[in-house]
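What follows is a set of notes on a single structure, which appears directly below.
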Amino acid sequence: MVKKPWDYKWSSTRQHMMIETGSLIKDNYPREFIENWKDFLNTVSDDGDIRLLQLHERTGRPLGDRMFIEKLESLLNITLKKKKAGRPKKDK
């Protein structure tokens, strides 16, 4: 049997779906945009979306537009944008 996000005891999905209350989550922002969480989570994504999510999961970099990434960098005071691959070239 494949587990769903709401099957996991510590999943925030449980609060968003109002299965339980009183968790540490204070922001219900996603609930304002998603009327039915169960339907939303059962929606099948196309292969392109899945590959994009897997890529960002593998690299550990957040998925979002330039403005979103820059805001995160500012808030966290770290660099999140992809850097040029390889060693830096030595100055001559």
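Scheme for the structure tokens: letters A, B, ... for chains in order shown; per-chain residue numbers from 1; ligand numbers from 1 in order shown.
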
Exercise for the section: Enumerate, as an MDAnalysis selection string, the complete set of residues in chain A that a backbone-based DSSP assignment places in helix (DSSP H, G or I). Expected result: chainID A and resid 5:7 13:16 29:33 37:42 47:59 66:76

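Residues with any atom within 12 Å of Lys71 of chain A, counting only C-alpha atoms and excluding same-chain neighbours fewer than 6 positions away, are Pro62, Gly64, Asp65, Asn77, Ile78, Thr79, Leu80 and Lys81 of chain A.
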
Keeping N, CA and C atoms for every residue in the selection just given, could you write it to a file as an mmCIF file, in the first residue's frame?
```cif
data_model
loop_
_atom_site.group_PDB
_atom_site.id
_atom_site.type_symbol
_atom_site.label_atom_id
_atom_site.label_comp_id
_atom_site.auth_asym_id
_atom_site.auth_seq_id
_atom_site.Cartn_x
_atom_site.Cartn_y
_atom_site.Cartn_z
ATOM 1 N N PRO A 62 16.224 25.469 -3.817
ATOM 2 C CA PRO A 62 14.775 25.688 -3.861
ATOM 3 C C PRO A 62 14.274 25.878 -5.288
ATOM 4 N N GLY A 64 11.848 27.906 -7.580
ATOM 5 C CA GLY A 64 11.094 29.145 -7.625
ATOM 6 C C GLY A 64 11.704 30.087 -8.645
ATOM 7 N N ASP A 65 11.024 31.192 -8.882
ATOM 8 C CA ASP A 65 11.538 32.163 -9.844
ATOM 9 C C ASP A 65 12.675 32.976 -9.220
ATOM 10 N N ASN A 77 20.566 34.966 4.289
ATOM 11 C CA ASN A 77 21.952 35.432 4.163
ATOM 12 C C ASN A 77 22.890 34.327 3.650
ATOM 13 N N ILE A 78 22.404 33.592 2.634
ATOM 14 C CA ILE A 78 23.208 32.556 1.986
ATOM 15 C C ILE A 78 22.969 32.628 0.479
ATOM 16 N N THR A 79 23.861 32.030 -0.290
ATOM 17 C CA THR A 79 23.716 31.973 -1.741
ATOM 18 C C THR A 79 22.995 30.689 -2.117
ATOM 19 N N LEU A 80 21.931 30.822 -2.879
ATOM 20 C CA LEU A 80 21.159 29.660 -3.305
ATOM 21 C C LEU A 80 21.178 29.463 -4.822
ATOM 22 N N LYS A 81 21.535 30.522 -5.562
ATOM 23 C CA LYS A 81 21.566 30.410 -7.021
ATOM 24 C C LYS A 81 22.649 29.427 -7.452
#
```

Exercise for the section: Report the distance between atom CA of Gln15 of chain A and atom CA of Val2 of chain A in Å, rounded to one decimal place. Expected result: 20.5 Å

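When only C-alpha atoms are used to measure the gap to Phe40 of chain A, the shortest distance among A:Pro5, A:Ser74, A:Ile69, A:Ser11 belongs to A:Pro5.
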
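By only C-alpha atoms, and with residues fewer than 6 positions from Lys82 of chain A along its chain excluded, the set lying at most 12 Å from it is A:His56, A:Thr59, A:Gly60, A:Arg61, A:Pro62, A:Leu63, A:Arg66, A:Ile69, A:Glu70.
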
Go ahead and write the selection's residues with N, CA and C atoms as an mmCIF file, in the first residue's frame.
```
data_model
loop_
_atom_site.group_PDB
_atom_site.id
_atom_site.type_symbol
_atom_site.label_atom_id
_atom_site.label_comp_id
_atom_site.auth_asym_id
_atom_site.auth_seq_id
_atom_site.Cartn_x
_atom_site.Cartn_y
_atom_site.Cartn_z
ATOM 1 N N HIS A 56 15.372 19.461 -8.325
ATOM 2 C CA HIS A 56 15.581 20.351 -7.187
ATOM 3 C C HIS A 56 15.710 19.588 -5.878
ATOM 4 N N THR A 59 19.397 18.417 -6.027
ATOM 5 C CA THR A 59 20.410 19.456 -5.853
ATOM 6 C C THR A 59 20.287 20.162 -4.508
ATOM 7 N N GLY A 60 19.106 20.113 -3.922
ATOM 8 C CA GLY A 60 18.894 20.790 -2.649
ATOM 9 C C GLY A 60 18.610 22.275 -2.799
ATOM 10 N N ARG A 61 18.560 22.758 -4.039
ATOM 11 C CA ARG A 61 18.245 24.171 -4.248
ATOM 12 C C ARG A 61 16.733 24.349 -4.334
ATOM 13 N N PRO A 62 16.224 25.469 -3.817
ATOM 14 C CA PRO A 62 14.775 25.688 -3.861
ATOM 15 C C PRO A 62 14.274 25.878 -5.288
ATOM 16 N N LEU A 63 13.035 25.536 -5.487
ATOM 17 C CA LEU A 63 12.387 25.693 -6.784
ATOM 18 C C LEU A 63 11.542 26.953 -6.734
ATOM 19 N N ARG A 66 13.296 33.830 -10.024
ATOM 20 C CA ARG A 66 14.464 34.608 -9.593
ATOM 21 C C ARG A 66 14.156 35.453 -8.356
ATOM 22 N N ILE A 69 13.955 33.282 -5.200
ATOM 23 C CA ILE A 69 15.291 32.837 -4.766
ATOM 24 C C ILE A 69 16.047 34.002 -4.125
ATOM 25 N N GLU A 70 15.982 35.183 -4.735
ATOM 26 C CA GLU A 70 16.684 36.342 -4.179
ATOM 27 C C GLU A 70 16.129 36.725 -2.805
#
```

Practice task
Please provide as a PyMOL selection string all residues within 12 Å of Asn42 of chain A, with the sequence filter that same-chain residues fewer than 5 positions apart are discarded (counting only C-alpha atoms).
Solution key: chain A and resi 3-6+36-37
